[in-house]
Amino acid sequence: IDEMTAQTNEDEDTSSNDSEEYPWTSINPILRVRGPVASGYGRGGKKLGVPTANLPASLFQSALEDVTNGVYFGWAVVEQPPSDDAPSVTKKGRNAPVKAVVNVGYSPTFEGKENKEKIVEAHLITKSSPMEKADRSMGIDDGDDEDGEVQLNEEGDDVEIEGDFYDETMRLQLIGYLRPEQKFDSFPDLIAQIHRDIGNAHWALDTMPFIFSKEAEFIKDDDGVNWIGSGGGDDVASWEFESW
């Protein structure tokens, strides 16, 4: 790593009481965004083997101005509104919570091709996601069982998502932080770190309190089309911050 970009913001708390031995912290306030998935720069899936769902930068600049650049995790929902043609048919991976690892920033490793605007790039974690599996042998206070081992819930590990869902609406709730945005010397280094990020996000979202956040009304609401965030926007794209 020859350069690290990490913007510090006094209004956003990316510190927590999480133990320093774990590769994450909770964030407060959490960020919720909802909007149509845009076709991105074609880098995630084609160059890195990690497809991403990008939310249009132009719709969320006001929300992202005060968000620290870096890699986050949380829960995502790809919406499938009811259809008169096939009211009972739901495509795989729709209207259900899916784990997500999310980059907020400019993608500085792509020299000369950095994003001109800060964007949200989300990789939805499925059974085909490449990841470096984290060592889960450590205990976590809030989720330990009587033997001192962390209680995990991996029921979402077999998630499949049908299609690329461009132009479909996605809800995204960011609840934890992994690391600052970084510039890497090589693509292999970047890819290895991305696989590590996916593994760590996958692990964190199986633990408390993060696992409970998928029960939030924002995530569970099948009729999310009616959601408009308190931070700004409209019924097409909006956002909000909420302390927890």
# chains A, B, ... in the order shown; residues from 1 in each chain; ligands from 1
call {"tool": "residues_around", "arguments": {"residues": "range 31-35 of chain A", "least_positions_apart": "5", "cutoff": "10 Å", "atoms": "only C-alpha atoms", "output": "PyMOL selection string"}}
result
chain A and resi 54-56+59-60+63-64+67+74-79+120+167-176+218-219+224-225+227-243
call {"tool": "closest_residue", "arguments": {"among": "A:Ile119, A:Val98, A:Ile198, A:Ala204", "to": "Val37 in chain A", "atoms": "only C-alpha atoms"}}
result
A:Ile119
call {"tool": "select_by_dssp", "arguments": {"residues": "range 32-79 of chain A", "states": "strand (DSSP E or B)", "output": "list in words"}}
result
Arg32, Val33, Arg34, Gly35, Pro36, Ala38, Ala53, Asn54, Leu55, Gly70, Val71, Tyr72, Phe73, Gly74, Trp75, Ala76, Val77 and Val78 of chain A
call {"tool": "write_last_selection", "arguments": {"atoms": "all heavy atoms", "output": "CSV table (one decimal), in the first residue's frame"}}
result
chain,number,residue,atom,x,y,z
A,32,ARG,N,-28.8,5.2,5.8
A,32,ARG,CA,-29.7,4.5,4.9
A,32,ARG,C,-29.9,5.3,3.6
A,32,ARG,O,-30.1,6.5,3.6
A,32,ARG,CB,-31.1,4.3,5.6
A,32,ARG,CG,-31.1,3.5,6.9
A,32,ARG,CD,-32.5,3.3,7.4
A,32,ARG,NE,-32.5,2.6,8.6
A,32,ARG,CZ,-32.8,3.1,9.8
A,32,ARG,NH1,-33.1,4.4,9.9
A,32,ARG,NH2,-32.8,2.4,10.9
A,33,VAL,N,-29.8,4.5,2.5
A,33,VAL,CA,-30.0,5.1,1.2
A,33,VAL,C,-30.9,4.2,0.4
A,33,VAL,O,-30.9,3.0,0.6
A,33,VAL,CB,-28.7,5.4,0.4
A,33,VAL,CG1,-27.8,6.4,1.1
A,33,VAL,CG2,-27.9,4.1,0.3
A,34,ARG,N,-31.6,4.8,-0.5
A,34,ARG,CA,-32.5,4.0,-1.4
A,34,ARG,C,-32.5,4.7,-2.7
A,34,ARG,O,-32.6,5.9,-2.8
A,34,ARG,CB,-33.9,4.0,-0.9
A,34,ARG,CG,-34.9,3.3,-1.8
A,34,ARG,CD,-36.3,3.3,-1.3
A,34,ARG,NE,-37.3,2.6,-2.2
A,34,ARG,CZ,-37.9,3.3,-3.2
A,34,ARG,NH1,-37.8,4.6,-3.4
A,34,ARG,NH2,-38.7,2.6,-4.0
A,35,GLY,N,-32.3,3.9,-3.8
A,35,GLY,CA,-32.3,4.5,-5.1
A,35,GLY,C,-32.1,3.5,-6.2
A,35,GLY,O,-31.8,2.3,-5.9
A,36,PRO,N,-32.2,3.9,-7.5
A,36,PRO,CA,-32.0,3.0,-8.6
A,36,PRO,C,-30.5,2.6,-8.8
A,36,PRO,O,-29.6,3.4,-8.7
A,36,PRO,CB,-32.5,3.8,-9.8
A,36,PRO,CG,-32.3,5.2,-9.4
A,36,PRO,CD,-32.5,5.3,-7.9
A,38,ALA,N,-27.3,1.9,-10.8
A,38,ALA,CA,-26.8,2.5,-12.0
A,38,ALA,C,-25.7,1.5,-12.6
A,38,ALA,O,-25.0,0.8,-11.8
A,38,ALA,CB,-26.2,3.9,-11.8
A,53,ALA,N,-23.0,-3.1,-7.2
A,53,ALA,CA,-24.2,-2.3,-7.5
A,53,ALA,C,-23.9,-0.9,-7.1
A,53,ALA,O,-23.7,-0.6,-5.9
A,53,ALA,CB,-25.4,-2.9,-6.8
A,54,ASN,N,-23.9,0.0,-8.1
A,54,ASN,CA,-23.6,1.4,-7.8
A,54,ASN,C,-24.8,2.2,-7.7
A,54,ASN,O,-25.7,2.1,-8.6
A,54,ASN,CB,-22.7,1.9,-8.9
A,54,ASN,CG,-21.4,1.1,-9.1
A,54,ASN,OD1,-20.8,0.6,-8.1
A,54,ASN,ND2,-21.0,0.8,-10.4
A,55,LEU,N,-24.8,3.1,-6.7
A,55,LEU,CA,-25.9,4.1,-6.6
A,55,LEU,C,-25.5,5.4,-7.2
A,55,LEU,O,-24.3,5.8,-7.0
A,55,LEU,CB,-26.4,4.3,-5.2
A,55,LEU,CG,-27.0,3.0,-4.5
A,55,LEU,CD1,-27.3,3.3,-3.1
A,55,LEU,CD2,-28.3,2.7,-5.3
A,70,GLY,N,-14.2,5.1,2.8
A,70,GLY,CA,-13.8,3.8,3.4
A,70,GLY,C,-14.7,2.7,3.0
A,70,GLY,O,-15.6,2.8,2.1
A,71,VAL,N,-14.4,1.5,3.6
A,71,VAL,CA,-15.2,0.3,3.4
A,71,VAL,C,-16.1,0.0,4.5
A,71,VAL,O,-15.6,-0.1,5.7
A,71,VAL,CB,-14.2,-0.9,3.1
A,71,VAL,CG1,-15.0,-2.1,2.8
A,71,VAL,CG2,-13.3,-0.6,1.9
A,72,TYR,N,-17.4,-0.1,4.2
A,72,TYR,CA,-18.4,-0.3,5.2
A,72,TYR,C,-19.1,-1.7,5.0
A,72,TYR,O,-18.9,-2.4,4.0
A,72,TYR,CB,-19.5,0.8,5.1
A,72,TYR,CG,-19.0,2.2,5.5
A,72,TYR,CD1,-18.2,2.9,4.6
A,72,TYR,CD2,-19.2,2.7,6.7
A,72,TYR,CE1,-17.7,4.2,4.9
A,72,TYR,CE2,-18.8,4.0,7.0
A,72,TYR,CZ,-18.0,4.7,6.1
A,72,TYR,OH,-17.6,6.0,6.4
A,73,PHE,N,-20.0,-2.0,5.9
A,73,PHE,CA,-20.8,-3.2,5.7
A,73,PHE,C,-22.2,-2.9,6.2
A,73,PHE,O,-22.4,-2.0,7.1
A,73,PHE,CB,-20.2,-4.5,6.3
A,73,PHE,CG,-20.0,-4.4,7.8
A,73,PHE,CD1,-21.0,-4.7,8.7
A,73,PHE,CD2,-18.8,-4.0,8.3
A,73,PHE,CE1,-20.8,-4.6,10.1
A,73,PHE,CE2,-18.6,-3.9,9.7
A,73,PHE,CZ,-19.6,-4.2,10.6
A,74,GLY,N,-23.2,-3.7,5.8
A,74,GLY,CA,-24.5,-3.6,6.3
A,74,GLY,C,-25.5,-4.5,5.5
A,74,GLY,O,-25.0,-5.6,5.0
A,75,TRP,N,-26.7,-4.2,5.5
A,75,TRP,CA,-27.7,-5.0,4.8
A,75,TRP,C,-28.3,-4.3,3.6
A,75,TRP,O,-28.5,-3.1,3.6
A,75,TRP,CB,-28.9,-5.3,5.8
A,75,TRP,CG,-28.4,-6.2,6.9
A,75,TRP,CD1,-28.0,-5.8,8.2
A,75,TRP,CD2,-28.2,-7.6,6.9
A,75,TRP,NE1,-27.6,-6.8,8.9
A,75,TRP,CE2,-27.7,-8.0,8.2
A,75,TRP,CE3,-28.4,-8.6,6.0
A,75,TRP,CZ2,-27.4,-9.3,8.5
A,75,TRP,CZ3,-28.1,-9.9,6.3
A,75,TRP,CH2,-27.6,-10.3,7.6
A,76,ALA,N,-28.6,-5.1,2.6
A,76,ALA,CA,-29.2,-4.5,1.3
A,76,ALA,C,-30.4,-5.3,1.0
A,76,ALA,O,-30.6,-6.4,1.3
A,76,ALA,CB,-28.2,-4.6,0.2
A,77,VAL,N,-31.3,-4.6,0.3
A,77,VAL,CA,-32.5,-5.2,-0.3
A,77,VAL,C,-32.7,-4.7,-1.7
A,77,VAL,O,-32.7,-3.5,-1.9
A,77,VAL,CB,-33.8,-4.8,0.5
A,77,VAL,CG1,-35.0,-5.4,-0.1
A,77,VAL,CG2,-33.7,-5.3,2.0
A,78,VAL,N,-32.8,-5.6,-2.6
A,78,VAL,CA,-33.2,-5.3,-4.0
A,78,VAL,C,-34.7,-5.4,-4.1
A,78,VAL,O,-35.2,-6.5,-3.9
A,78,VAL,CB,-32.4,-6.2,-5.0
A,78,VAL,CG1,-32.8,-5.8,-6.5
A,78,VAL,CG2,-30.9,-6.0,-4.9
call {"tool": "closest_residue", "arguments": {"among": "A:Lys116, A:Lys127, A:Arg94, A:Lys133", "to": "Gly199 in chain A", "atoms": "only C-alpha atoms"}}
result
A:Lys133
call {"tool": "closest_residue", "arguments": {"among": "A:Pro97, A:Gly49, A:Pro209, A:Pro29", "to": "Asp221 in chain A", "atoms": "only C-alpha atoms"}}
result
A:Pro97
call {"tool": "residues_around", "arguments": {"residues": "Ser128 in chain A", "least_positions_apart": "6", "cutoff": "9 Å", "atoms": "only C-alpha atoms", "output": "CSV table (one decimal) with N, CA, C and O atoms, in the first residue's frame"}}
result
chain,number,residue,atom,x,y,z
A,158,ASP,N,-26.4,-19.1,1.5
A,158,ASP,CA,-26.8,-19.7,0.3
A,158,ASP,C,-27.6,-18.7,-0.6
A,158,ASP,O,-28.3,-19.1,-1.5
A,159,VAL,N,-27.4,-17.4,-0.3
A,159,VAL,CA,-28.2,-16.4,-1.1
A,159,VAL,C,-27.7,-16.5,-2.6
A,159,VAL,O,-26.5,-16.6,-2.9
A,160,GLU,N,-28.7,-16.4,-3.5
A,160,GLU,CA,-28.4,-16.2,-4.9
A,160,GLU,C,-29.2,-15.0,-5.4
A,160,GLU,O,-30.3,-14.7,-4.9
call {"tool": "atom_distance", "arguments": {"atom1": "CA of Ala134 in chain A", "atom2": "CA of Trp203 in chain A"}}
result
7.0 Å
call {"tool": "atom_distance", "arguments": {"atom1": "CA of Gln61 in chain A", "atom2": "CA of Ile30 in chain A"}}
result
16.5 Å
call {"tool": "atom_distance", "arguments": {"atom1": "CA of Thr68 in chain A", "atom2": "CA of Pro51 in chain A"}}
result
22.7 Å
